[in-house]
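Coordinates from protein31.csv are shown below (CSV, C-alpha atoms).
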```
chain,number,residue,atom,x,y,z
F,429,MET,CA,96.0,99.8,74.7
F,430,LEU,CA,97.9,97.5,72.3
F,431,PHE,CA,101.3,98.2,70.7
F,432,PHE,CA,103.8,96.3,68.6
F,433,SER,CA,107.3,96.0,69.9
F,434,PRO,CA,110.3,96.0,67.6
F,435,GLN,CA,110.2,92.2,67.5
F,436,MET,CA,106.6,92.5,66.2
F,437,GLU,CA,105.2,91.1,69.5
F,438,THR,CA,101.9,92.7,70.5
F,439,THR,CA,102.2,94.3,74.0
F,440,THR,CA,99.7,96.0,76.4
F,441,ILE,CA,100.7,99.0,78.4
F,442,LEU,CA,100.0,98.7,82.1
F,443,TYR,CA,100.6,100.9,85.1
F,444,ARG,CA,101.3,100.2,88.7
F,445,PRO,CA,101.3,102.7,91.6
F,446,VAL,CA,104.1,102.0,94.1
F,447,GLY,CA,105.6,103.3,97.3
F,448,PRO,CA,109.3,104.0,97.9
F,449,LYS,CA,110.1,100.5,99.2
F,450,GLU,CA,108.6,98.8,96.2
F,451,LEU,CA,110.3,101.3,93.8
F,452,ARG,CA,113.7,100.6,95.4
F,453,LEU,CA,113.2,96.9,94.9
F,454,ILE,CA,112.2,97.5,91.2
F,455,SER,CA,115.3,99.6,90.7
F,456,GLU,CA,117.5,96.8,92.1
F,457,THR,CA,116.3,94.6,89.2
F,458,GLY,CA,117.4,97.2,86.6
F,459,TYR,CA,113.7,98.3,86.3
F,460,ARG,CA,112.9,94.9,84.7
F,461,ALA,CA,110.7,93.2,87.4
F,462,PHE,CA,108.4,93.7,90.3
F,463,PRO,CA,109.4,92.2,93.7
F,464,PRO,CA,107.7,89.1,95.1
F,465,ARG,CA,104.6,89.6,97.0
F,466,LEU,CA,104.6,89.5,100.8
F,467,PRO,CA,102.7,86.6,102.5
F,468,GLU,CA,99.8,88.9,103.2
F,469,GLN,CA,99.6,90.0,99.6
F,470,PRO,CA,98.2,87.1,97.6
F,471,ILE,CA,97.5,89.2,94.4
F,472,PHE,CA,99.5,91.6,92.3
F,473,TYR,CA,97.3,94.4,90.8
F,474,PRO,CA,98.6,96.1,87.7
F,475,VAL,CA,96.1,98.7,86.4
F,476,LEU,CA,95.0,99.5,82.9
F,477,ASN,CA,95.2,103.3,82.8
F,478,GLU,CA,97.4,106.1,84.1
F,479,GLU,CA,94.5,108.0,85.6
F,480,TYR,CA,93.7,105.1,88.0
F,481,ALA,CA,97.4,104.6,88.9
F,482,THR,CA,97.7,108.3,89.6
F,483,GLN,CA,94.7,108.3,91.9
F,484,ILE,CA,96.3,105.6,94.0
F,485,ALA,CA,99.8,107.0,94.0
F,486,ARG,CA,98.7,110.6,94.8
F,487,ASP,CA,95.7,110.0,97.0
F,488,TRP,CA,96.8,106.9,99.0
F,489,ASN,CA,100.6,106.2,98.7
F,490,ALA,CA,101.7,109.9,99.0
F,491,LYS,CA,99.4,110.5,102.0
F,492,ASP,CA,100.6,107.4,103.9
F,493,ARG,CA,102.2,108.8,107.1
F,494,GLU,CA,105.1,106.3,106.9
F,495,THR,CA,106.2,106.8,103.3
F,496,GLU,CA,104.7,110.2,102.2
F,497,ALA,CA,105.5,109.3,98.6
F,498,GLY,CA,103.8,107.6,95.7
F,499,TYR,CA,105.1,106.8,92.2
F,500,VAL,CA,103.3,105.7,89.0
F,501,THR,CA,105.2,103.2,86.9
F,502,ARG,CA,104.4,102.2,83.3
F,503,PHE,CA,105.5,99.1,81.5
F,504,ARG,CA,104.6,96.8,78.6
F,505,VAL,CA,103.5,93.1,78.9
F,506,SER,CA,103.0,90.5,76.2
F,507,ALA,CA,99.4,90.8,75.2
F,508,SER,CA,99.2,87.0,74.5
F,509,TYR,CA,100.4,86.3,78.1
F,510,LEU,CA,97.7,88.6,79.5
F,511,GLU,CA,94.9,86.8,77.7
F,512,GLN,CA,94.7,84.2,80.5
F,513,PHE,CA,93.7,86.8,83.0
F,514,GLU,CA,90.4,88.7,83.3
F,515,ILE,CA,90.1,92.4,83.6
F,516,HIS,CA,88.3,93.4,86.8
F,517,GLN,CA,86.4,96.7,87.2
F,518,VAL,CA,86.6,97.7,90.9
F,519,GLY,CA,84.8,101.0,90.8
F,520,SER,CA,84.0,103.5,88.1
F,521,GLN,CA,84.9,103.0,84.4
F,522,ILE,CA,88.6,103.9,85.0
F,523,HIS,CA,89.1,101.5,87.9
F,524,GLN,CA,90.2,98.5,85.9
F,525,GLU,CA,93.0,96.1,86.9
F,526,TYR,CA,94.3,92.6,86.4
F,527,TRP,CA,94.5,90.2,89.4
F,528,ILE,CA,97.7,88.3,89.0
F,529,PRO,CA,98.1,85.5,91.7
F,530,ALA,CA,101.3,86.0,93.7
F,531,GLU,CA,102.6,82.6,92.5
F,532,SER,CA,102.4,83.8,88.9
F,533,LEU,CA,104.4,87.0,89.4
F,534,ARG,CA,107.7,85.5,88.3
F,535,GLU,CA,106.1,84.4,85.0
F,536,PHE,CA,104.4,87.9,84.7
F,537,ASN,CA,107.8,89.5,85.1
F,538,GLU,CA,109.2,87.3,82.4
F,539,ASN,CA,106.6,88.7,80.1
F,540,ILE,CA,107.4,92.3,80.7
F,541,VAL,CA,108.8,93.7,77.4
F,542,GLY,CA,111.4,96.4,78.0
F,543,THR,CA,111.8,98.2,81.3
F,544,ILE,CA,109.5,99.6,84.0
F,545,GLU,CA,109.6,103.4,83.9
F,546,VAL,CA,108.6,105.9,86.5
F,547,ILE,CA,106.3,108.5,84.9
F,548,ALA,CA,105.0,110.4,88.0
F,549,GLU,CA,106.0,111.2,91.6
F,550,PHE,CA,103.8,112.5,94.4
F,551,GLY,CA,104.3,113.5,98.0
F,552,SER,CA,106.8,115.3,100.1
F,553,LYS,CA,109.4,112.6,100.1
F,554,THR,CA,109.6,111.8,96.4
F,555,ARG,CA,113.0,110.9,95.0
F,556,THR,CA,113.4,108.3,92.3
F,557,PRO,CA,116.1,105.7,93.2
```
Step by step, read the file and then write its structure as structure tokens.
Amino acid sequence: MLFFSPQMETTTILYRPVGPKELRLISETGYRAFPPRLPEQPIFYPVLNEEYATQIARDWNAKDRETEAGYVTRFRVSASYLEQFEIHQVGSQIHQEYWIPAESLREFNENIVGTIEVIAEFGSKTRTP
């Protein structure tokens, strides 16, 4: 979905399901950036719709025995920046995501317009930082 920001820049709304640790790291940036990937995480996966992000946060993150919590974040990214990446469909029609190489995450964060917001919480240990 495309939107125009106040500066007339076209943006795309994306979503990312996260667990408590990642959400804490996001909050430490003032909700302006995602944390660097770990060595075993070569790709950052923002998704294109809330339904898919909700499935992951609710059905995977919130059921993880260690964290027992999942969150859905929503944010806007410069549409012109995203043009360099393909959309990947990894299941049904709703399972669409971008594959951002870990080494591009800093640049991706620089193209977030506004802040990252938490729009849903799932699980027994939910508490937004």
Please identify all polymer residues within 10 Å of segment 521-523 of chain F, counting only C-alpha atoms, omitting same-chain residues fewer than 2 positions from it, and present them as number ranges by chain.
F: 475-481, 483, 516-519, 525
Of the residues F:Tyr526, F:Val505, F:Leu453, F:Arg444, which is the one nearest to Val546 of chain F, using all atoms listed in the file?
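Among F:Tyr526, F:Val505, F:Leu453, F:Arg444, it is F:Arg444 that comes nearest to Val546 of chain F.
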Using atom CA of Ile484 of chain F and atom CA of Tyr499 of chain F as the two end points, give the distance in Å to one decimal.
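Separating atom CA of Ile484 of chain F from atom CA of Tyr499 of chain F is a distance of 9.1 Å.
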Would you mind telling me which residue in F:Tyr509, F:Phe503, F:Trp488, F:Phe550 lies nearest to Phe462 of chain F when using all atoms listed in the file?
F:Phe503
Between atom CA of Pro464 of chain F and atom CA of Thr438 of chain F lies a distance of 25.5 Å
How many Å lie between atom CA of Thr440 of chain F and atom CA of Ala530 of chain F, rounded to one decimal?
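If I compute the distance from atom CA of Thr440 of chain F to atom CA of Ala530 of chain F, I get 20.0 Å.
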Would you save segment 475-489 of chain F from the block above with all heavy atoms, as an mmCIF file, in the first residue's frame?
```
data_model
loop_
_atom_site.group_PDB
_atom_site.id
_atom_site.type_symbol
_atom_site.label_atom_id
_atom_site.label_comp_id
_atom_site.auth_asym_id
_atom_site.auth_seq_id
_atom_site.Cartn_x
_atom_site.Cartn_y
_atom_site.Cartn_z
ATOM 1 N N VAL F 475 7.313 -7.847 6.254
ATOM 2 C CA VAL F 475 6.211 -8.430 5.477
ATOM 3 C C VAL F 475 5.265 -7.343 4.986
ATOM 4 O O VAL F 475 5.258 -6.227 5.493
ATOM 5 C CB VAL F 475 5.473 -9.524 6.286
ATOM 6 C CG1 VAL F 475 6.454 -10.603 6.747
ATOM 7 C CG2 VAL F 475 4.729 -8.957 7.471
ATOM 8 N N LEU F 476 4.454 -7.694 3.984
ATOM 9 C CA LEU F 476 3.649 -6.697 3.295
ATOM 10 C C LEU F 476 2.254 -6.484 3.861
ATOM 11 O O LEU F 476 1.572 -5.552 3.446
ATOM 12 C CB LEU F 476 3.535 -7.053 1.807
ATOM 13 C CG LEU F 476 4.703 -6.564 0.957
ATOM 14 C CD1 LEU F 476 5.983 -7.275 1.249
ATOM 15 C CD2 LEU F 476 4.344 -6.647 -0.493
ATOM 16 N N ASN F 477 1.817 -7.347 4.787
ATOM 17 C CA ASN F 477 0.470 -7.121 5.303
ATOM 18 C C ASN F 477 0.356 -7.540 6.763
ATOM 19 O O ASN F 477 1.101 -8.373 7.265
ATOM 20 C CB ASN F 477 -0.582 -7.823 4.427
ATOM 21 C CG ASN F 477 -0.436 -9.315 4.439
ATOM 22 O OD1 ASN F 477 -0.773 -9.952 5.424
ATOM 23 N ND2 ASN F 477 0.068 -9.884 3.352
ATOM 24 N N GLU F 478 -0.595 -6.919 7.418
ATOM 25 C CA GLU F 478 -0.812 -7.128 8.851
ATOM 26 C C GLU F 478 -1.242 -8.557 9.161
ATOM 27 O O GLU F 478 -0.846 -9.116 10.186
ATOM 28 C CB GLU F 478 -1.857 -6.131 9.350
ATOM 29 C CG GLU F 478 -2.068 -6.163 10.833
ATOM 30 C CD GLU F 478 -3.048 -5.107 11.309
ATOM 31 O OE1 GLU F 478 -3.351 -4.149 10.557
ATOM 32 O OE2 GLU F 478 -3.510 -5.244 12.456
ATOM 33 N N GLU F 479 -2.032 -9.155 8.292
ATOM 34 C CA GLU F 479 -2.517 -10.512 8.545
ATOM 35 C C GLU F 479 -1.358 -11.507 8.658
ATOM 36 O O GLU F 479 -1.320 -12.341 9.560
ATOM 37 C CB GLU F 479 -3.487 -10.939 7.437
ATOM 38 C CG GLU F 479 -4.113 -12.294 7.676
ATOM 39 C CD GLU F 479 -5.112 -12.691 6.600
ATOM 40 O OE1 GLU F 479 -5.299 -11.928 5.629
ATOM 41 O OE2 GLU F 479 -5.686 -13.781 6.731
ATOM 42 N N TYR F 480 -0.407 -11.410 7.753
ATOM 43 C CA TYR F 480 0.757 -12.298 7.779
ATOM 44 C C TYR F 480 1.599 -12.036 9.030
ATOM 45 O O TYR F 480 2.007 -12.973 9.735
ATOM 46 C CB TYR F 480 1.564 -12.088 6.499
ATOM 47 C CG TYR F 480 2.798 -12.938 6.333
ATOM 48 C CD1 TYR F 480 2.959 -14.178 6.950
ATOM 49 C CD2 TYR F 480 3.832 -12.509 5.516
ATOM 50 C CE1 TYR F 480 4.087 -14.947 6.768
ATOM 51 C CE2 TYR F 480 4.974 -13.273 5.318
ATOM 52 C CZ TYR F 480 5.102 -14.483 5.954
ATOM 53 O OH TYR F 480 6.239 -15.243 5.757
ATOM 54 N N ALA F 481 1.848 -10.774 9.350
ATOM 55 C CA ALA F 481 2.620 -10.442 10.549
ATOM 56 C C ALA F 481 1.929 -10.953 11.808
ATOM 57 O O ALA F 481 2.576 -11.460 12.724
ATOM 58 C CB ALA F 481 2.831 -8.932 10.627
ATOM 59 N N THR F 482 0.601 -10.841 11.835
ATOM 60 C CA THR F 482 -0.169 -11.325 12.981
ATOM 61 C C THR F 482 -0.033 -12.831 13.129
ATOM 62 O O THR F 482 0.129 -13.341 14.243
ATOM 63 C CB THR F 482 -1.646 -10.918 12.839
ATOM 64 O OG1 THR F 482 -1.727 -9.489 12.868
ATOM 65 C CG2 THR F 482 -2.500 -11.507 13.950
ATOM 66 N N GLN F 483 -0.106 -13.560 12.027
ATOM 67 C CA GLN F 483 0.056 -15.022 12.086
ATOM 68 C C GLN F 483 1.375 -15.392 12.754
ATOM 69 O O GLN F 483 1.411 -16.261 13.624
ATOM 70 C CB GLN F 483 0.037 -15.628 10.679
ATOM 71 C CG GLN F 483 -1.313 -15.826 10.091
ATOM 72 C CD GLN F 483 -1.214 -16.522 8.735
ATOM 73 O OE1 GLN F 483 -0.156 -16.592 8.106
ATOM 74 N NE2 GLN F 483 -2.338 -17.041 8.269
ATOM 75 N N ILE F 484 2.450 -14.747 12.340
ATOM 76 C CA ILE F 484 3.773 -15.071 12.890
ATOM 77 C C ILE F 484 3.850 -14.693 14.373
ATOM 78 O O ILE F 484 4.278 -15.497 15.209
ATOM 79 C CB ILE F 484 4.884 -14.371 12.089
ATOM 80 C CG1 ILE F 484 4.905 -14.901 10.653
ATOM 81 C CG2 ILE F 484 6.246 -14.586 12.757
ATOM 82 C CD1 ILE F 484 5.772 -14.099 9.709
ATOM 83 N N ALA F 485 3.432 -13.478 14.711
ATOM 84 C CA ALA F 485 3.512 -13.017 16.103
ATOM 85 C C ALA F 485 2.651 -13.871 17.025
ATOM 86 O O ALA F 485 3.077 -14.252 18.112
ATOM 87 C CB ALA F 485 3.105 -11.550 16.198
ATOM 88 N N ARG F 486 1.444 -14.181 16.590
ATOM 89 C CA ARG F 486 0.488 -14.925 17.418
ATOM 90 C C ARG F 486 0.791 -16.422 17.446
ATOM 91 O O ARG F 486 0.795 -17.048 18.508
ATOM 92 C CB ARG F 486 -0.922 -14.692 16.879
ATOM 93 C CG ARG F 486 -2.023 -15.386 17.672
ATOM 94 C CD ARG F 486 -3.358 -15.349 16.939
ATOM 95 N NE ARG F 486 -3.215 -16.033 15.663
ATOM 96 C CZ ARG F 486 -3.708 -15.583 14.503
ATOM 97 N NH1 ARG F 486 -4.374 -14.445 14.454
ATOM 98 N NH2 ARG F 486 -3.526 -16.260 13.394
ATOM 99 N N ASP F 487 1.064 -16.999 16.276
ATOM 100 C CA ASP F 487 1.168 -18.459 16.174
ATOM 101 C C ASP F 487 2.578 -18.994 16.392
ATOM 102 O O ASP F 487 2.730 -20.175 16.704
ATOM 103 C CB ASP F 487 0.649 -18.921 14.814
ATOM 104 C CG ASP F 487 -0.815 -18.547 14.593
ATOM 105 O OD1 ASP F 487 -1.517 -18.212 15.575
ATOM 106 O OD2 ASP F 487 -1.267 -18.578 13.431
ATOM 107 N N TRP F 488 3.603 -18.170 16.245
ATOM 108 C CA TRP F 488 4.978 -18.627 16.456
ATOM 109 C C TRP F 488 5.613 -17.933 17.646
ATOM 110 O O TRP F 488 6.004 -18.580 18.604
ATOM 111 C CB TRP F 488 5.842 -18.386 15.218
ATOM 112 C CG TRP F 488 5.412 -19.150 13.998
ATOM 113 C CD1 TRP F 488 4.450 -20.122 13.910
ATOM 114 C CD2 TRP F 488 5.906 -18.976 12.673
ATOM 115 N NE1 TRP F 488 4.333 -20.547 12.615
ATOM 116 C CE2 TRP F 488 5.210 -19.879 11.839
ATOM 117 C CE3 TRP F 488 6.860 -18.138 12.117
ATOM 118 C CZ2 TRP F 488 5.454 -19.967 10.476
ATOM 119 C CZ3 TRP F 488 7.105 -18.235 10.763
ATOM 120 C CH2 TRP F 488 6.410 -19.143 9.960
ATOM 121 N N ASN F 489 5.738 -16.606 17.585
ATOM 122 C CA ASN F 489 6.446 -15.879 18.646
ATOM 123 C C ASN F 489 5.768 -16.059 20.007
ATOM 124 O O ASN F 489 6.436 -16.308 21.005
ATOM 125 C CB ASN F 489 6.546 -14.389 18.325
ATOM 126 C CG ASN F 489 7.362 -14.098 17.080
ATOM 127 O OD1 ASN F 489 7.664 -14.993 16.302
ATOM 128 N ND2 ASN F 489 7.698 -12.852 16.871
#
```
